[in-house]
>>> print(open('protein-v2.pdb').read())   # PDB, C-alpha atoms
ATOM      1  CA  ILE A   1      -9.432  18.424   8.259
ATOM      2  CA  ASP A   2     -10.331  21.304   5.920
ATOM      3  CA  SER A   3      -9.776  24.684   7.540
ATOM      4  CA  ALA A   4     -11.658  26.640   4.843
ATOM      5  CA  GLY A   5      -8.771  29.056   4.415
ATOM      6  CA  GLY A   6      -7.213  29.083   7.877
ATOM      7  CA  ASP A   7      -3.921  27.751   9.174
ATOM      8  CA  ILE A   8      -3.565  24.267  10.630
ATOM      9  CA  THR A   9      -0.831  23.524  13.188
ATOM     10  CA  ILE A  10       0.002  20.119  14.635
ATOM     11  CA  ALA A  11       2.692  20.732  17.237
ATOM     12  CA  GLY A  12       3.617  17.106  17.917
ATOM     13  CA  ASN A  13       3.631  13.724  16.229
ATOM     14  CA  ILE A  14       0.759  12.055  14.350
ATOM     15  CA  SER A  15       0.327   8.301  14.631
ATOM     16  CA  ALA A  16      -2.540   5.949  13.871
ATOM     17  CA  THR A  17      -4.291   3.085  15.634
ATOM     18  CA  ASN A  18      -5.167   1.291  12.394
ATOM     19  CA  ALA A  19      -2.717   0.788   9.521
ATOM     20  CA  THR A  20      -5.414   1.795   7.032
ATOM     21  CA  ASP A  21      -5.997   5.222   8.592
ATOM     22  CA  THR A  22      -5.166   8.240   6.435
ATOM     23  CA  VAL A  23      -4.121  11.829   7.111
ATOM     24  CA  SER A  24      -5.542  14.679   5.046
ATOM     25  CA  LEU A  25      -5.024  18.312   6.057
ATOM     26  CA  SER A  26      -6.042  21.157   3.755
ATOM     27  CA  ASP A  27      -6.533  24.905   3.905
ATOM     28  CA  GLY A  28      -9.371  24.569   1.407
ATOM     29  CA  THR A  29      -9.630  27.450  -1.031
ATOM     30  CA  GLY A  30      -7.788  29.920   1.202
ATOM     31  CA  SER A  31      -4.155  30.901   1.688
ATOM     32  CA  GLY A  32      -3.336  28.980   4.821
ATOM     33  CA  ILE A  33      -0.177  27.403   6.236
ATOM     34  CA  ILE A  34      -0.039  23.748   7.243
ATOM     35  CA  THR A  35       2.528  23.150  10.017
ATOM     36  CA  ILE A  36       3.581  19.668  11.083
ATOM     37  CA  GLY A  37       5.832  19.940  14.132
ATOM     38  CA  GLY A  38       6.782  16.265  14.396
ATOM     39  CA  THR A  39       6.560  12.948  12.612
ATOM     40  CA  ILE A  40       3.694  11.192  10.844
ATOM     41  CA  SER A  41       3.717   7.393  11.045
ATOM     42  CA  GLY A  42       1.531   4.303  11.044
ATOM     43  CA  VAL A  43      -0.900   5.662   8.442
ATOM     44  CA  ARG A  44      -1.750   4.406   4.965
ATOM     45  CA  SER A  45      -1.437   7.724   3.130
ATOM     46  CA  VAL A  46      -0.747  11.404   3.768
ATOM     47  CA  ALA A  47      -2.073  14.448   1.880
ATOM     48  CA  LEU A  48      -1.090  17.935   3.042
ATOM     49  CA  THR A  49      -2.335  21.022   1.194
ATOM     50  CA  GLY A  50      -1.279  24.565   2.054
ATOM     51  CA  ASP A  51      -1.563  27.331  -0.509
ATOM     52  CA  THR A  52       0.965  29.522   1.313
ATOM     53  CA  SER A  53       3.223  26.716   2.549
ATOM     54  CA  VAL A  54       3.454  23.280   4.100
ATOM     55  CA  LYS A  55       6.017  23.174   6.925
ATOM     56  CA  LEU A  56       7.475  19.725   7.539
ATOM     57  CA  GLY A  57       9.050  19.092  10.944
ATOM     58  CA  GLY A  58       9.837  15.378  10.863
ATOM     59  CA  ASN A  59       9.730  12.069   9.024
ATOM     60  CA  ILE A  60       6.649  10.735   7.247
ATOM     61  CA  THR A  61       6.208   6.953   6.939
ATOM     62  CA  THR A  62       3.262   5.123   5.391
ATOM     63  CA  THR A  63       2.124   1.549   5.946
ATOM     64  CA  ASN A  64       1.977  -1.493   3.669
ATOM     65  CA  GLY A  65      -1.073  -1.285   1.419
ATOM     66  CA  ALA A  66      -2.295  -0.055  -1.944
ATOM     67  CA  ASN A  67      -1.674   3.602  -2.769
ATOM     68  CA  ASN A  68       0.348   4.360   0.356
ATOM     69  CA  ASP A  69       1.167   7.758  -1.129
ATOM     70  CA  VAL A  70       2.478  11.009   0.287
ATOM     71  CA  THR A  71       1.313  14.152  -1.528
ATOM     72  CA  ILE A  72       2.453  17.646  -0.540
ATOM     73  CA  THR A  73       0.462  20.344  -2.346
ATOM     74  CA  GLY A  74       1.897  23.841  -2.089
ATOM     75  CA  PRO A  75       5.408  25.158  -1.345
ATOM     76  CA  ALA A  76       7.151  22.873   1.168
ATOM     77  CA  ILE A  77       9.470  24.199   3.895
ATOM     78  CA  LEU A  78      11.769  21.934   5.908
ATOM     79  CA  THR A  79      11.921  22.879   9.601
ATOM     80  CA  ALA A  80      13.854  19.703  10.521
ATOM     81  CA  ASN A  81      15.509  16.796   8.751
ATOM     82  CA  VAL A  82      12.773  15.045   6.749
ATOM     83  CA  ASP A  83      12.691  11.460   5.457
ATOM     84  CA  ILE A  84       9.557  10.491   3.544
ATOM     85  CA  ASP A  85       9.358   6.698   3.281
ATOM     86  CA  VAL A  86       6.689   4.833   1.296
ATOM     87  CA  THR A  87       8.652   1.594   0.847
ATOM     88  CA  ALA A  88       6.406  -0.584   3.056
ATOM     89  CA  ASN A  89       4.386  -1.580  -0.013
ATOM     90  CA  SER A  90       6.770  -3.481  -2.304
ATOM     91  CA  SER A  91       4.086  -5.645  -3.904
ATOM     92  CA  ASP A  92       4.510  -4.217  -7.448
ATOM     93  CA  THR A  93       0.819  -3.216  -7.271
ATOM     94  CA  ASP A  94      -0.260   0.361  -6.485
ATOM     95  CA  GLU A  95       3.008   1.094  -4.707
ATOM     96  CA  GLY A  96       3.359   4.399  -2.918
ATOM     97  CA  ASP A  97       4.160   7.604  -4.813
ATOM     98  CA  ILE A  98       5.788  10.716  -3.373
ATOM     99  CA  THR A  99       4.630  13.958  -4.981
ATOM    100  CA  PHE A 100       5.539  17.570  -4.276
ATOM    101  CA  THR A 101       3.469  19.883  -6.466
ATOM    102  CA  SER A 102       5.668  22.912  -5.802
ATOM    103  CA  SER A 103       9.074  23.931  -4.462
ATOM    104  CA  ILE A 104      11.021  22.594  -1.462
ATOM    105  CA  ASN A 105      13.059  25.041   0.618
ATOM    106  CA  ASN A 106      14.757  25.176   4.004
ATOM    107  CA  VAL A 107      13.203  27.310   6.715
ATOM    108  CA  ASN A 108      14.950  30.658   6.761
ATOM    109  CA  GLY A 109      17.521  31.158   9.518
ATOM    110  CA  SER A 110      17.959  27.553  10.653
ATOM    111  CA  GLY A 111      19.497  24.331   9.383
ATOM    112  CA  PRO A 112      20.148  23.457   6.633
ATOM    113  CA  PHE A 113      17.983  20.369   6.987
ATOM    114  CA  ASN A 114      18.362  17.162   5.006
ATOM    115  CA  LEU A 115      15.819  15.891   2.483
ATOM    116  CA  THR A 116      15.439  12.132   2.002
ATOM    117  CA  LEU A 117      12.803  10.555  -0.243
ATOM    118  CA  ASP A 118      12.475   6.753  -0.208
ATOM    119  CA  GLY A 119      10.202   4.895  -2.597
ATOM    120  CA  ASP A 120      10.069   1.364  -3.954
ATOM    121  CA  GLY A 121       8.290   0.986  -7.295
ATOM    122  CA  GLY A 122       6.158   4.123  -7.057
ATOM    123  CA  ALA A 123       7.029   7.401  -8.750
ATOM    124  CA  ILE A 124       8.796  10.271  -6.999
ATOM    125  CA  ALA A 125       8.131  13.734  -8.427
ATOM    126  CA  VAL A 126       9.229  17.174  -7.239
ATOM    127  CA  GLN A 127       7.455  19.580  -9.568
ATOM    128  CA  GLY A 128       9.082  22.733  -8.207
ATOM    129  CA  VAL A 129      12.720  23.687  -7.672
ATOM    130  CA  ILE A 130      14.583  22.431  -4.599
ATOM    131  CA  GLY A 131      16.400  25.126  -2.622
ATOM    132  CA  ALA A 132      15.594  28.033  -4.928
ATOM    133  CA  SER A 133      15.263  30.574  -2.094
ATOM    134  CA  ASP A 134      16.763  28.766   0.941
ATOM    135  CA  ALA A 135      19.209  25.903   0.438
ATOM    136  CA  VAL A 136      18.464  22.551   2.040
ATOM    137  CA  GLY A 137      21.141  20.154   3.351
ATOM    138  CA  VAL A 138      21.896  16.683   2.014
ATOM    139  CA  ILE A 139      19.603  15.487  -0.787
ATOM    140  CA  ASP A 140      19.006  11.719  -1.022
ATOM    141  CA  ILE A 141      16.345  10.433  -3.396
ATOM    142  CA  ASN A 142      16.249   6.633  -3.684
ATOM    143  CA  GLN A 143      20.020   6.410  -3.430
ATOM    144  CA  SER A 144      20.141   2.893  -2.018
ATOM    145  CA  SER A 145      17.118   1.149  -3.555
ATOM    146  CA  GLY A 146      13.827   1.511  -5.393
ATOM    147  CA  ASP A 147      13.038   1.089  -9.089
ATOM    148  CA  GLY A 148      10.380   3.747  -9.579
ATOM    149  CA  SER A 149      10.822   6.782 -11.809
ATOM    150  CA  ILE A 150      12.150  10.084 -10.438
ATOM    151  CA  THR A 151      11.183  13.461 -11.905
ATOM    152  CA  LEU A 152      12.752  16.765 -10.860
ATOM    153  CA  ALA A 153      12.338  20.393 -11.969
ATOM    154  CA  GLY A 154      15.637  21.888 -10.749
ATOM    155  CA  ILE A 155      17.938  22.559  -7.807
ATOM    156  CA  GLY A 156      19.126  26.002  -6.683
ATOM    157  CA  ASN A 157      18.540  29.583  -7.742
ATOM    158  CA  GLY A 158      19.580  29.332 -11.364
ATOM    159  CA  THR A 159      23.362  29.638 -11.640
ATOM    160  CA  THR A 160      23.421  32.221  -8.817
ATOM    161  CA  ALA A 161      23.154  30.101  -5.666
ATOM    162  CA  ALA A 162      23.329  26.386  -4.934
ATOM    163  CA  GLY A 163      20.166  24.701  -3.707
ATOM    164  CA  ASN A 164      21.816  22.622  -1.007
ATOM    165  CA  THR A 165      24.827  22.085   1.242
ATOM    166  CA  GLY A 166      26.081  18.503   1.405
ATOM    167  CA  THR A 167      26.103  15.468  -0.835
ATOM    168  CA  VAL A 168      23.450  14.887  -3.480
ATOM    169  CA  ASP A 169      22.527  11.330  -4.512
ATOM    170  CA  ILE A 170      19.595  10.935  -6.861
ATOM    171  CA  GLY A 171      18.588   7.520  -8.147
ATOM    172  CA  ASN A 172      20.341   4.166  -8.200
ATOM    173  CA  SER A 173      21.171   1.458 -10.719
ATOM    174  CA  ALA A 174      17.574   0.145 -10.636
ATOM    175  CA  THR A 175      15.781   3.505 -11.079
ATOM    176  CA  ALA A 176      13.530   3.085 -14.127
ATOM    177  CA  THR A 177      13.985   6.626 -15.442
ATOM    178  CA  LEU A 178      15.429   9.840 -14.062
ATOM    179  CA  ASN A 179      13.611  12.728 -15.742
ATOM    180  CA  LEU A 180      15.211  16.157 -15.380
ATOM    181  CA  GLY A 181      12.918  18.891 -16.579
ATOM    182  CA  GLY A 182      15.371  21.429 -17.897
ATOM    183  CA  GLY A 183      16.592  24.532 -16.113
ATOM    184  CA  THR A 184      19.504  24.432 -13.658
ATOM    185  CA  TYR A 185      20.732  21.886 -11.116
ATOM    186  CA  PHE A 186      23.229  23.821  -8.950
ATOM    187  CA  THR A 187      24.518  21.786  -6.019
ATOM    188  CA  ASN A 188      27.072  22.379  -3.270
ATOM    189  CA  GLY A 189      28.487  18.930  -2.557
ATOM    190  CA  ALA A 190      29.575  15.795  -4.393
ATOM    191  CA  THR A 191      26.652  14.984  -6.704
ATOM    192  CA  THR A 192      25.557  11.757  -8.403
ATOM    193  CA  TYR A 193      22.696  11.170 -10.840
ATOM    194  CA  GLU A 194      21.949   7.503 -11.602
ATOM    195  CA  ALA A 195      19.343   5.324 -13.303
ATOM    196  CA  ALA A 196      19.092   1.848 -14.802
ATOM    197  CA  SER A 197      21.194   0.849 -17.790
ATOM    198  CA  GLY A 198      19.986   2.302 -21.094
ATOM    199  CA  GLU A 199      19.135   5.857 -22.153
ATOM    200  CA  ASN A 200      17.299   6.501 -18.887
ATOM    201  CA  ILE A 201      18.616   9.857 -17.622
ATOM    202  CA  ASN A 202      16.294  12.059 -19.638
ATOM    203  CA  LEU A 203      16.821  15.781 -20.219
ATOM    204  CA  THR A 204      13.479  17.109 -21.427
ATOM    205  CA  ALA A 205      14.690  20.680 -22.094
ATOM    206  CA  ALA A 206      17.978  22.603 -22.119
ATOM    207  CA  THR A 207      19.689  21.771 -18.825
ATOM    208  CA  THR A 208      22.647  23.166 -16.882
ATOM    209  CA  PHE A 209      24.451  21.222 -14.156
ATOM    210  CA  LYS A 210      26.688  23.250 -11.857
ATOM    211  CA  THR A 211      28.622  22.442  -8.685
ATOM    212  CA  SER A 212      30.623  24.525  -6.223
ATOM    213  CA  ASP A 213      33.983  22.903  -7.123
ATOM    214  CA  ASP A 214      32.490  19.490  -6.298
ATOM    215  CA  ALA A 215      32.585  16.222  -8.225
ATOM    216  CA  LEU A 216      29.686  15.545 -10.591
ATOM    217  CA  THR A 217      28.946  11.944 -11.603
ATOM    218  CA  PHE A 218      26.451  10.394 -13.985
ATOM    219  CA  SER A 219      26.257   6.666 -13.341
ATOM    220  CA  THR A 220      24.984   3.497 -15.078
ATOM    221  CA  ALA A 221      22.369   5.080 -17.393
ATOM    222  CA  ALA A 222      23.178   7.055 -20.502
ATOM    223  CA  VAL A 223      22.097  10.701 -20.743
ATOM    224  CA  ASP A 224      19.407  11.253 -23.374
ATOM    225  CA  MET A 225      18.831  14.813 -24.619
ATOM    226  CA  ALA A 226      15.391  15.519 -26.095
ATOM    227  CA  ASP A 227      14.992  17.873 -29.058
ATOM    228  CA  SER A 228      16.819  21.155 -28.244
ATOM    229  CA  ALA A 229      17.708  19.893 -24.758
ATOM    230  CA  ASN A 230      21.284  21.162 -24.865
ATOM    231  CA  LEU A 231      23.560  20.029 -22.021
ATOM    232  CA  THR A 232      25.849  22.434 -20.128
ATOM    233  CA  ILE A 233      28.109  21.363 -17.242
ATOM    234  CA  THR A 234      30.225  23.680 -15.079
ATOM    235  CA  THR A 235      31.999  22.313 -11.999
ATOM    236  CA  GLY A 236      34.933  24.651 -11.294
ATOM    237  CA  SER A 237      37.668  22.355  -9.981
ATOM    238  CA  GLY A 238      35.269  19.452  -9.440
ATOM    239  CA  ALA A 239      35.823  16.286 -11.473
ATOM    240  CA  VAL A 240      33.227  15.241 -14.047
ATOM    241  CA  THR A 241      32.418  11.592 -14.760
ATOM    242  CA  MET A 242      30.015  10.949 -17.635
ATOM    243  CA  THR A 243      28.189   7.991 -19.069
ATOM    244  CA  ASP A 244      27.231   7.935 -22.772
ATOM    245  CA  ILE A 245      25.461  11.047 -24.053
ATOM    246  CA  HIS A 246      22.804  10.799 -26.773
ATOM    247  CA  GLY A 247      20.755  13.419 -28.614
ATOM    248  CA  HIS A 248      17.991  13.635 -31.189
ATOM    249  CA  SER A 249      18.481  16.694 -33.396
ATOM    250  CA  ASN A 250      22.032  18.051 -33.204
ATOM    251  CA  GLU A 251      21.895  19.151 -29.553
ATOM    252  CA  THR A 252      25.036  20.667 -28.070
ATOM    253  CA  VAL A 253      27.214  19.519 -25.166
ATOM    254  CA  SER A 254      29.417  21.928 -23.181
ATOM    255  CA  ILE A 255      31.579  20.751 -20.252
ATOM    256  CA  THR A 256      33.769  23.215 -18.367
ATOM    257  CA  SER A 257      35.999  22.006 -15.519
ATOM    258  CA  THR A 258      39.585  22.385 -14.343
ATOM    259  CA  GLY A 259      39.276  18.963 -12.712
ATOM    260  CA  ALA A 260      39.490  15.565 -14.356
ATOM    261  CA  VAL A 261      36.854  14.902 -17.007
ATOM    262  CA  GLY A 262      35.938  11.317 -17.896
ATOM    263  CA  LEU A 263      33.857  10.869 -21.050
ATOM    264  CA  GLN A 264      32.213   7.941 -22.802
ATOM    265  CA  GLU A 265      30.471   7.918 -26.185
ATOM    266  CA  ILE A 266      28.958  11.251 -27.229
ATOM    267  CA  GLY A 267      26.284  10.917 -29.885
ATOM    268  CA  ASN A 268      25.699   8.409 -32.623
ATOM    269  CA  ALA A 269      25.916   9.670 -36.216
ATOM    270  CA  ASP A 270      24.333  13.168 -36.168
ATOM    271  CA  GLU A 271      22.622  12.943 -32.740
ATOM    272  CA  VAL A 272      24.883  15.652 -31.271
ATOM    273  CA  GLY A 273      25.836  18.796 -33.162
ATOM    274  CA  VAL A 274      28.560  20.613 -31.184
ATOM    275  CA  VAL A 275      30.768  19.486 -28.310
TER     276      VAL A 275
END
>>> encode(input="protein-v2.pdb", output="structure tokens")
Amino acid sequence: IDSAGGDITIAGNISATNATDTVSLSDGTGSGIITIGGTISGVRSVALTGDTSVKLGGNITTTNGANNDVTITGPAILTANVDIDVTANSSDTDEGDITFTSSINNVNGSGPFNLTLDGDGGAIAVQGVIGASDAVGVIDINQSSGDGSITLAGIGNGTTAAGNTGTVDIGNSATATLNLGGGTYFTNGATTYEAASGENINLTAATTFKTSDDALTFSTAAVDMADSANLTITTGSGAVTMTDIHGHSNETVSITSTGAVGLQEIGNADEVGVV
């Protein structure tokens, strides 16, 4: 459906008769709002495009087949707990990707609602900040399984307000790479970032991690700072547990916490300038 600029509202659930059916809803070239009031299931792929917003009111699950992707184009708003699951295709060929082209926020005045993204070997990318204007609840991105890459742009409103309430678990010990695109990751809950062994937690620009007196853990993978991608961590009384930290051109590392701080190797030769 292309509304040519108007709003599209689906009040209930969407399900398919055939596993190869697809769902595509778009406001065209206008400034419409796409509202999904329930779940989407039994379809091969889902593409939702809303220039003003895409309101998600339930889980989205795709079927086993090539390119069983979910793509949300435009600012996403959670109006209920949302679990997007593209794990049905685990064939190692054209596995499902999950892509948000913009921000993800909670609906104002209700919730907070939890965000769960489950992929297998496909990539998961959130190209806007999570919870920049309205904090979501628990954030779970491939915590338990999946070996695809994960790319994020930030969590929270800078260092002013956390982007969630509840635990945050991003990646697991099989995650190929966890790419964090600079900016700030401010969370309100015990937070873990994890990827496969090696220098696979990648900071592509200067990055600040902050918690509201909650524990912050980097697990399995080493943290790799790109050129000028300085690392700053502030957790109040929350404990900090680090893996190895590597740099490229004398990047700096700053960790501030009144809790326990566990460190591994920081830099090799002149990789890191100031700690």
>>> resolve_selection(input="protein-v2.pdb", expression="the PyMOL selection byres ((chain A and resi 9) around 7)", output="list of chain:residue names")
A:Asp7, A:Ile8, A:Ile10, A:Ala11, A:Ile34, A:Thr35, A:Ile36
>>> residues_around(input="protein-v2.pdb", residues="Gly198 in chain A", least_positions_apart="2", cutoff="10 Å", atoms="only C-alpha atoms", output="list in words")
Ala176, Thr177, Ala195, Ala196, Asn200, Ile201, Thr220, Ala221, Ala222, Val223, Asp224 and Asp244 of chain A
>>> residues_around(input="protein-v2.pdb", residues="Thr52 in chain A", least_positions_apart="3", cutoff="12 Å", atoms="only C-alpha atoms", output="list in words")
Gly5, Gly6, Asp7, Ile8, Ser26, Asp27, Gly28, Thr29, Gly30, Ser31, Gly32, Ile33, Ile34, Thr35, Leu48, Thr49, Lys55, Thr73, Gly74, Pro75, Ala76, Ile77, Ser102 and Ser103 of chain A
>>> resolve_selection(input="protein-v2.pdb", expression="the PyMOL selection byres ((chain A and resi 111) around 9)", output="ChimeraX atom specification")
/A:78-81,106-110,112-114,136-137
>>> resolve_selection(input="protein-v2.pdb", expression="the PyMOL selection byres ((chain A and resi 47) around 7)", output="short mmCIF file (atom, residue, chain, number, x, y, z; two decimals) with C-alpha atoms, in the coordinates of the input")
data_model
loop_
_atom_site.label_atom_id
_atom_site.label_comp_id
_atom_site.auth_asym_id
_atom_site.auth_seq_id
_atom_site.Cartn_x
_atom_site.Cartn_y
_atom_site.Cartn_z
CA VAL A 23 -4.12 11.83 7.11
CA SER A 24 -5.54 14.68 5.05
CA LEU A 25 -5.02 18.31 6.06
CA SER A 45 -1.44 7.72 3.13
CA VAL A 46 -0.75 11.40 3.77
CA LEU A 48 -1.09 17.93 3.04
CA THR A 49 -2.34 21.02 1.19
CA VAL A 70 2.48 11.01 0.29
CA THR A 71 1.31 14.15 -1.53
CA ILE A 72 2.45 17.65 -0.54
#
>>> closest_residue(input="protein-v2.pdb", among="A:Ser219, A:Ser91, A:Asn250, A:Asn157", to="Gln143 in chain A", atoms="only C-alpha atoms")
A:Ser219
>>> atom_distance(input="protein-v2.pdb", atom1="CA of Ile233 in chain A", atom2="CA of Thr258 in chain A")
11.9 Å
>>> residues_around(input="protein-v2.pdb", residues="Val126 in chain A", least_positions_apart="3", cutoff="10 Å", atoms="all atoms listed in the file", output="PyMOL selection string")
chain A and resi 72+98-104+129-130+150-154
>>> build_atoms(input="protein-v2.pdb", residues="range 244-256 of chain A", atoms="N, CA, C and O atoms", output="PDB file, in the coordinates of the input")
ATOM      1  N   ASP A 244      27.494   7.549 -21.385  1.00  0.00           N
ATOM      2  CA  ASP A 244      27.231   7.935 -22.772  1.00  0.00           C
ATOM      3  C   ASP A 244      26.235   9.091 -22.811  1.00  0.00           C
ATOM      4  O   ASP A 244      25.359   9.208 -21.945  1.00  0.00           O
ATOM      5  N   ILE A 245      26.377   9.924 -23.841  1.00  0.00           N
ATOM      6  CA  ILE A 245      25.461  11.047 -24.053  1.00  0.00           C
ATOM      7  C   ILE A 245      24.839  10.896 -25.438  1.00  0.00           C
ATOM      8  O   ILE A 245      25.549  10.747 -26.431  1.00  0.00           O
ATOM      9  N   HIS A 246      23.504  10.934 -25.500  1.00  0.00           N
ATOM     10  CA  HIS A 246      22.804  10.799 -26.773  1.00  0.00           C
ATOM     11  C   HIS A 246      21.878  11.986 -26.989  1.00  0.00           C
ATOM     12  O   HIS A 246      21.369  12.582 -26.040  1.00  0.00           O
ATOM     13  N   GLY A 247      21.660  12.338 -28.257  1.00  0.00           N
ATOM     14  CA  GLY A 247      20.755  13.419 -28.614  1.00  0.00           C
ATOM     15  C   GLY A 247      19.773  12.968 -29.659  1.00  0.00           C
ATOM     16  O   GLY A 247      19.683  11.788 -30.006  1.00  0.00           O
ATOM     17  N   HIS A 248      19.012  13.939 -30.190  1.00  0.00           N
ATOM     18  CA  HIS A 248      17.991  13.635 -31.189  1.00  0.00           C
ATOM     19  C   HIS A 248      18.089  14.521 -32.415  1.00  0.00           C
ATOM     20  O   HIS A 248      17.743  14.081 -33.523  1.00  0.00           O
ATOM     21  N   SER A 249      18.528  15.764 -32.257  1.00  0.00           N
ATOM     22  CA  SER A 249      18.481  16.694 -33.396  1.00  0.00           C
ATOM     23  C   SER A 249      19.620  17.706 -33.308  1.00  0.00           C
ATOM     24  O   SER A 249      19.398  18.898 -33.266  1.00  0.00           O
ATOM     25  N   ASN A 250      20.849  17.187 -33.233  1.00  0.00           N
ATOM     26  CA  ASN A 250      22.032  18.051 -33.204  1.00  0.00           C
ATOM     27  C   ASN A 250      22.086  18.943 -31.977  1.00  0.00           C
ATOM     28  O   ASN A 250      22.438  20.129 -32.056  1.00  0.00           O
ATOM     29  N   GLU A 251      21.735  18.408 -30.809  1.00  0.00           N
ATOM     30  CA  GLU A 251      21.895  19.151 -29.553  1.00  0.00           C
ATOM     31  C   GLU A 251      23.379  19.394 -29.285  1.00  0.00           C
ATOM     32  O   GLU A 251      24.252  18.734 -29.857  1.00  0.00           O
ATOM     33  N   THR A 252      23.655  20.332 -28.389  1.00  0.00           N
ATOM     34  CA  THR A 252      25.036  20.667 -28.070  1.00  0.00           C
ATOM     35  C   THR A 252      25.386  20.194 -26.660  1.00  0.00           C
ATOM     36  O   THR A 252      24.525  20.083 -25.788  1.00  0.00           O
ATOM     37  N   VAL A 253      26.685  19.928 -26.465  1.00  0.00           N
ATOM     38  CA  VAL A 253      27.214  19.519 -25.166  1.00  0.00           C
ATOM     39  C   VAL A 253      28.386  20.426 -24.827  1.00  0.00           C
ATOM     40  O   VAL A 253      29.325  20.570 -25.619  1.00  0.00           O
ATOM     41  N   SER A 254      28.333  21.067 -23.644  1.00  0.00           N
ATOM     42  CA  SER A 254      29.417  21.928 -23.181  1.00  0.00           C
ATOM     43  C   SER A 254      29.800  21.521 -21.767  1.00  0.00           C
ATOM     44  O   SER A 254      28.953  21.531 -20.873  1.00  0.00           O
ATOM     45  N   ILE A 255      31.080  21.148 -21.567  1.00  0.00           N
ATOM     46  CA  ILE A 255      31.579  20.751 -20.252  1.00  0.00           C
ATOM     47  C   ILE A 255      32.777  21.617 -19.908  1.00  0.00           C
ATOM     48  O   ILE A 255      33.772  21.634 -20.657  1.00  0.00           O
ATOM     49  N   THR A 256      32.695  22.337 -18.801  1.00  0.00           N
ATOM     50  CA  THR A 256      33.769  23.215 -18.367  1.00  0.00           C
ATOM     51  C   THR A 256      34.202  22.824 -16.970  1.00  0.00           C
ATOM     52  O   THR A 256      33.406  22.879 -16.022  1.00  0.00           O
TER      53      THR A 256
END
